[in-house]
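**Q** So here's query.cif, just mmCIF, C-alpha atoms and all ligand atoms:
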data_my_file
loop_
_atom_site.group_PDB
_atom_site.id
_atom_site.type_symbol
_atom_site.label_atom_id
_atom_site.label_comp_id
_atom_site.auth_asym_id
_atom_site.auth_seq_id
_atom_site.Cartn_x
_atom_site.Cartn_y
_atom_site.Cartn_z
ATOM 1 C CA MET A 277 97.727 -84.009 72.426
ATOM 2 C CA TRP A 278 94.361 -85.322 71.214
ATOM 3 C CA GLY A 279 95.370 -85.323 67.592
ATOM 4 C CA ARG A 280 94.263 -87.287 64.599
ATOM 5 C CA THR A 281 97.531 -89.019 63.714
ATOM 6 C CA PRO A 282 96.826 -92.679 63.070
ATOM 7 C CA ILE A 283 98.032 -94.449 66.189
ATOM 8 C CA GLY A 284 97.211 -97.861 67.563
ATOM 9 C CA GLY A 285 96.481 -101.235 66.116
ATOM 10 C CA PRO A 286 95.854 -104.874 66.845
ATOM 11 C CA PHE A 287 97.824 -107.073 69.229
ATOM 12 C CA ASP A 288 98.039 -110.762 69.988
ATOM 13 C CA LEU A 289 99.723 -111.384 73.347
ATOM 14 C CA ILE A 290 99.633 -113.513 76.518
ATOM 15 C CA ASP A 291 98.291 -112.255 79.837
ATOM 16 C CA GLN A 292 99.594 -112.810 83.362
ATOM 17 C CA THR A 293 97.529 -116.002 83.671
ATOM 18 C CA GLY A 294 99.005 -117.474 80.493
ATOM 19 C CA ARG A 295 95.866 -116.807 78.450
ATOM 20 C CA ARG A 296 96.032 -115.486 74.886
ATOM 21 C CA ARG A 297 94.611 -111.981 74.588
ATOM 22 C CA THR A 298 93.978 -109.866 71.541
ATOM 23 C CA ASP A 299 92.751 -106.284 71.208
ATOM 24 C CA ALA A 300 89.361 -107.680 70.136
ATOM 25 C CA ASP A 301 88.851 -109.052 73.674
ATOM 26 C CA PHE A 302 88.422 -105.523 74.974
ATOM 27 C CA ARG A 303 85.829 -104.145 72.547
ATOM 28 C CA GLY A 304 83.052 -102.408 74.415
ATOM 29 C CA LYS A 305 85.384 -101.068 77.078
ATOM 30 C CA LEU A 306 87.492 -97.983 77.289
ATOM 31 C CA VAL A 307 91.100 -99.112 77.550
ATOM 32 C CA LEU A 308 93.845 -97.332 79.459
ATOM 33 C CA LEU A 309 96.965 -98.760 77.855
ATOM 34 C CA TYR A 310 100.471 -98.421 79.200
ATOM 35 C CA PHE A 311 103.797 -99.744 77.890
ATOM 36 C CA GLY A 312 106.658 -100.357 80.311
ATOM 37 C CA TYR A 313 108.485 -103.090 82.157
ATOM 38 C CA THR A 314 108.307 -104.536 85.632
ATOM 39 C CA TYR A 315 111.911 -103.724 86.563
ATOM 40 C CA CYS A 316 111.351 -100.041 85.800
ATOM 41 C CA PRO A 317 112.549 -98.151 88.869
ATOM 42 C CA ASP A 318 110.263 -95.153 88.888
ATOM 43 C CA VAL A 319 108.287 -94.039 85.830
ATOM 44 C CA CYS A 320 106.215 -97.178 85.284
ATOM 45 C CA PRO A 321 105.189 -97.649 88.930
ATOM 46 C CA THR A 322 104.170 -93.999 89.192
ATOM 47 C CA ASP A 323 102.021 -94.086 86.075
ATOM 48 C CA LEU A 324 100.531 -97.484 86.882
ATOM 49 C CA MET A 325 99.602 -96.187 90.332
ATOM 50 C CA ALA A 326 97.854 -93.226 88.684
ATOM 51 C CA ILE A 327 95.963 -95.564 86.341
ATOM 52 C CA ALA A 328 94.965 -97.822 89.236
ATOM 53 C CA ALA A 329 93.858 -94.849 91.335
ATOM 54 C CA ALA A 330 91.767 -93.484 88.466
ATOM 55 C CA VAL A 331 90.013 -96.809 87.818
ATOM 56 C CA HIS A 332 89.380 -97.208 91.535
ATOM 57 C CA GLN A 333 88.073 -93.678 92.001
ATOM 58 C CA LEU A 334 85.721 -94.014 89.023
ATOM 59 C CA GLY A 335 83.749 -96.469 91.154
ATOM 60 C CA PRO A 336 81.107 -98.438 89.224
ATOM 61 C CA ALA A 337 81.965 -96.513 86.025
ATOM 62 C CA GLY A 338 85.471 -97.923 86.370
ATOM 63 C CA GLU A 339 84.050 -101.331 85.458
ATOM 64 C CA GLU A 340 83.745 -100.021 81.916
ATOM 65 C CA VAL A 341 87.450 -99.224 81.854
ATOM 66 C CA GLN A 342 90.103 -101.871 81.251
ATOM 67 C CA PRO A 343 93.637 -101.046 82.362
ATOM 68 C CA LEU A 344 96.322 -102.829 80.300
ATOM 69 C CA PHE A 345 100.070 -103.017 80.796
ATOM 70 C CA ILE A 346 102.163 -104.234 77.854
ATOM 71 C CA THR A 347 105.741 -105.102 78.704
ATOM 72 C CA LEU A 348 108.615 -103.786 76.613
ATOM 73 C CA ASP A 349 110.903 -106.347 78.267
ATOM 74 C CA PRO A 350 109.408 -109.719 77.288
ATOM 75 C CA GLU A 351 112.754 -111.404 78.011
ATOM 76 C CA ARG A 352 112.420 -110.841 81.759
ATOM 77 C CA ASP A 353 108.700 -110.139 81.991
ATOM 78 C CA THR A 354 107.428 -113.671 81.785
ATOM 79 C CA VAL A 355 103.835 -114.618 82.583
ATOM 80 C CA GLU A 356 104.898 -115.395 86.169
ATOM 81 C CA GLN A 357 106.799 -112.137 86.579
ATOM 82 C CA LEU A 358 103.807 -110.157 85.290
ATOM 83 C CA ALA A 359 101.410 -112.012 87.585
ATOM 84 C CA GLY A 360 103.272 -110.875 90.667
ATOM 85 C CA TYR A 361 103.585 -107.347 89.371
ATOM 86 C CA VAL A 362 100.173 -106.286 88.063
ATOM 87 C CA SER A 363 98.211 -107.546 91.070
ATOM 88 C CA ALA A 364 100.141 -105.109 93.264
ATOM 89 C CA PHE A 365 98.552 -102.189 91.403
ATOM 90 C CA HIS A 366 94.950 -103.125 90.691
ATOM 91 C CA PRO A 367 93.017 -106.417 90.735
ATOM 92 C CA ARG A 368 91.750 -105.765 87.197
ATOM 93 C CA LEU A 369 95.043 -104.609 85.691
ATOM 94 C CA ILE A 370 95.991 -107.033 82.923
ATOM 95 C CA GLY A 371 99.663 -107.526 82.115
ATOM 96 C CA LEU A 372 100.609 -108.622 78.597
ATOM 97 C CA THR A 373 103.769 -110.212 77.305
ATOM 98 C CA GLY A 374 104.660 -112.262 74.239
ATOM 99 C CA ALA A 375 107.222 -112.902 71.564
ATOM 100 C CA PRO A 376 109.575 -109.939 71.073
ATOM 101 C CA GLU A 377 108.290 -109.497 67.487
ATOM 102 C CA ARG A 378 104.678 -109.266 68.709
ATOM 103 C CA ILE A 379 105.693 -106.699 71.322
ATOM 104 C CA ARG A 380 107.600 -104.711 68.715
ATOM 105 C CA GLU A 381 104.585 -104.664 66.376
ATOM 106 C CA VAL A 382 102.223 -103.190 68.943
ATOM 107 C CA ALA A 383 104.851 -100.780 70.272
ATOM 108 C CA LEU A 384 105.461 -99.500 66.742
ATOM 109 C CA ALA A 385 101.716 -99.192 66.144
ATOM 110 C CA TYR A 386 101.482 -96.922 69.184
ATOM 111 C CA LYS A 387 104.710 -95.120 68.265
ATOM 112 C CA VAL A 388 106.327 -96.204 71.512
ATOM 113 C CA TYR A 389 110.073 -95.753 71.622
ATOM 114 C CA TYR A 390 112.053 -98.286 73.647
ATOM 115 C CA ALA A 391 115.649 -99.435 73.766
ATOM 116 C CA LYS A 392 117.728 -101.688 75.951
ATOM 117 C CA VAL A 393 120.379 -99.829 77.922
ATOM 118 C CA PRO A 394 123.088 -102.080 79.408
ATOM 119 C CA ALA A 395 124.323 -101.270 82.915
ATOM 120 C CA PRO A 396 127.950 -100.054 83.070
ATOM 121 C CA ASP A 397 129.130 -103.346 84.564
ATOM 122 C CA GLY A 398 127.313 -105.281 81.872
ATOM 123 C CA THR A 399 125.444 -107.538 84.301
ATOM 124 C CA ASP A 400 122.073 -105.896 83.929
ATOM 125 C CA TYR A 401 120.068 -103.633 81.676
ATOM 126 C CA ALA A 402 117.348 -101.050 81.811
ATOM 127 C CA ILE A 403 114.778 -100.231 79.139
ATOM 128 C CA ASP A 404 114.682 -96.636 78.074
ATOM 129 C CA HIS A 405 111.104 -95.995 76.991
ATOM 130 C CA THR A 406 108.404 -93.424 76.392
ATOM 131 C CA GLY A 407 105.801 -93.382 79.121
ATOM 132 C CA PHE A 408 102.490 -92.293 77.668
ATOM 133 C CA ILE A 409 99.137 -93.541 78.844
ATOM 134 C CA TYR A 410 96.908 -94.255 75.847
ATOM 135 C CA LEU A 411 93.158 -94.076 75.856
ATOM 136 C CA VAL A 412 91.509 -96.502 73.427
ATOM 137 C CA GLY A 413 87.801 -96.375 72.654
ATOM 138 C CA ARG A 414 85.146 -99.059 72.935
ATOM 139 C CA ASP A 415 85.629 -99.700 69.208
ATOM 140 C CA GLY A 416 89.353 -100.333 69.667
ATOM 141 C CA LYS A 417 90.312 -97.034 68.087
ATOM 142 C CA TYR A 418 92.896 -94.737 69.588
ATOM 143 C CA LEU A 419 91.432 -91.660 71.278
ATOM 144 C CA GLY A 420 94.489 -89.910 72.663
ATOM 145 C CA PHE A 421 97.311 -90.075 75.139
ATOM 146 C CA PHE A 422 98.360 -88.601 78.449
ATOM 147 C CA PRO A 423 101.947 -87.573 79.166
ATOM 148 C CA PRO A 424 103.978 -89.274 81.909
ATOM 149 C CA ASN A 425 103.061 -88.251 85.447
ATOM 150 C CA THR A 426 99.482 -87.372 84.565
ATOM 151 C CA PRO A 427 97.548 -87.188 87.841
ATOM 152 C CA PRO A 428 94.573 -89.547 88.366
ATOM 153 C CA ASP A 429 92.130 -86.602 88.332
ATOM 154 C CA ARG A 430 93.068 -85.783 84.765
ATOM 155 C CA LEU A 431 92.668 -89.428 83.710
ATOM 156 C CA ILE A 432 89.257 -89.558 85.383
ATOM 157 C CA GLU A 433 88.113 -86.358 83.683
ATOM 158 C CA MET A 434 88.985 -87.659 80.198
ATOM 159 C CA VAL A 435 87.631 -91.148 80.837
ATOM 160 C CA ARG A 436 84.323 -89.716 82.116
ATOM 161 C CA ARG A 437 84.047 -87.534 79.035
ATOM 162 C CA HIS A 438 84.515 -90.530 76.747
ATOM 163 C CA LEU A 439 82.241 -92.808 78.762
ATOM 164 C CA GLN A 440 79.472 -90.248 78.321
ATOM 165 C CA SER A 441 80.080 -89.621 74.635
ATOM 166 C CA SER A 442 80.310 -93.257 73.587
ATOM 167 C CA ALA A 443 77.275 -95.521 73.716
ATOM 168 C CA ALA A 444 77.465 -98.188 76.359
ATOM 169 C CA PRO A 445 77.413 -101.699 74.900
ATOM 170 C CA GLY A 446 74.169 -102.364 76.788
ATOM 171 C CA THR A 447 72.601 -105.686 75.939
ATOM 172 C CA ALA A 448 74.091 -105.908 72.455
ATOM 173 C CA PRO A 449 75.309 -109.450 71.913
ATOM 174 C CA SER A 450 79.067 -109.937 71.790
ATOM 175 C CA SER A 451 79.051 -113.452 70.414
ATOM 176 C CA GLY A 452 82.060 -115.277 69.140
ATOM 177 C CA ARG A 453 84.361 -114.450 72.054
HETATM 178 NI NI NI B 501 109.203 -97.521 82.931
#
Can you give me the file's structure in the form of structure tokens?

**A**
Amino acid sequence: MWGRTPIGGPFDLIDQTGRRRTDADFRGKLVLLYFGYTYCPDVCPTDLMAIAAAVHQLGPAGEEVQPLFITLDPERDTVEQLAGYVSAFHPRLIGLTGAPERIREVALAYKVYYAKVPAPDGTDYAIDHTGFIYLVGRDGKYLGFFPPNTPPDRLIEMVRRHLQSSAAPGTAPSSGR
């Protein structure tokens, strides 16, 4: 599960406030990254609740953790749609959308599988997708992933371990951003 396969990579997307965000914006923080879509009936909400609970329960240490949600359904998950969605989970959860090609690039980088599944009556669709929670280090490098339905306690345990083993950014200047 915590293997050495090269996973992860840069992204250039738009957050739920309409602001451009790249992976470089989150250097210095541990990132809990999740791919899904806001119309997801069960898996996404469950995992996002676990992420939110973990960040909350980490207390002050949680400030060093950035939860990110990248939509796999940019067609419906507009900036406005994301804004209403992410705030329901955690005040610091950032939702990211963008051009379908940009979404595809980052999904491929993280080896996320996703596919549109039309409803039988053709009026609607679901997105079939993998539901892993990725942990990304302060340097932007992939550290590992958690399977779907990982309980908050497990997330907290791993995050704590990585917070301790990686040097805090301290007072090092982070100019240029
Ligand atoms: Ni989902």

**Q** List the residues selected by the PyMOL selection byres (((chain A and resi 377) around 12) and not hetatm) in the file shown, writing them as JSON, numbers by chain.

**A** {"A": [287, 288, 289, 348, 349, 350, 351, 373, 374, 375, 376, 378, 379, 380, 381, 382, 383, 384]}

**Q** Which residues fall under the PyMOL selection byres (((chain A and resi 365) around 9) and not hetatm) in this file, as a ChimeraX atom specification?

**A** /A:321,324-325,327-329,361-364,366-369

**Q** Exactly which residues make up the result of the PyMOL selection byres (((chain A and resi 408-417) around 6) and not hetatm) on this file, given as a ChimeraX atom specification?

**A** /A:303-310,407,418-424

**Q** For ligand NI 501 (chain B), return the neighbouring residues as a list in words (distance at most 6 Å; only C-alpha atoms and all ligand atoms).

**A**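 Those residues are Gly312, Tyr313, Cys316, Val319 and Cys320 of chain A.
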
**Q** Fewer than 5 positions away in the same chain doesn't count, so skip those; otherwise give me all residues within 9 Å of Ala326 of chain A, counting only C-alpha atoms, as a VMD selection string.

**A** chain A and resid 321 331 425 to 429 431

**Q** Considering all atoms listed in the file, state which residue in the set A:Thr298, A:Thr399, A:Thr314, A:Gln333 is at the smallest distance from Arg430 of chain A.

**A** A:Gln333

**Q** Please indicate the distance in Å from atom CA of Ile432 of chain A to atom CA of Asp318 of chain A, rounded to one decimal place.

**A**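 Atom CA of Ile432 of chain A sits 22.0 Å away from atom CA of Asp318 of chain A.
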
**Q** Extract, using all atoms listed in the file, all DNA, RNA and protein residues at most 8 Å from segment 292-297 of chain A, discarding same-chain residues fewer than 2 positions from it, and format them as an NGL selection string.

**A** :A and (287-290 or 299 or 301 or 355-359 or 370-373)
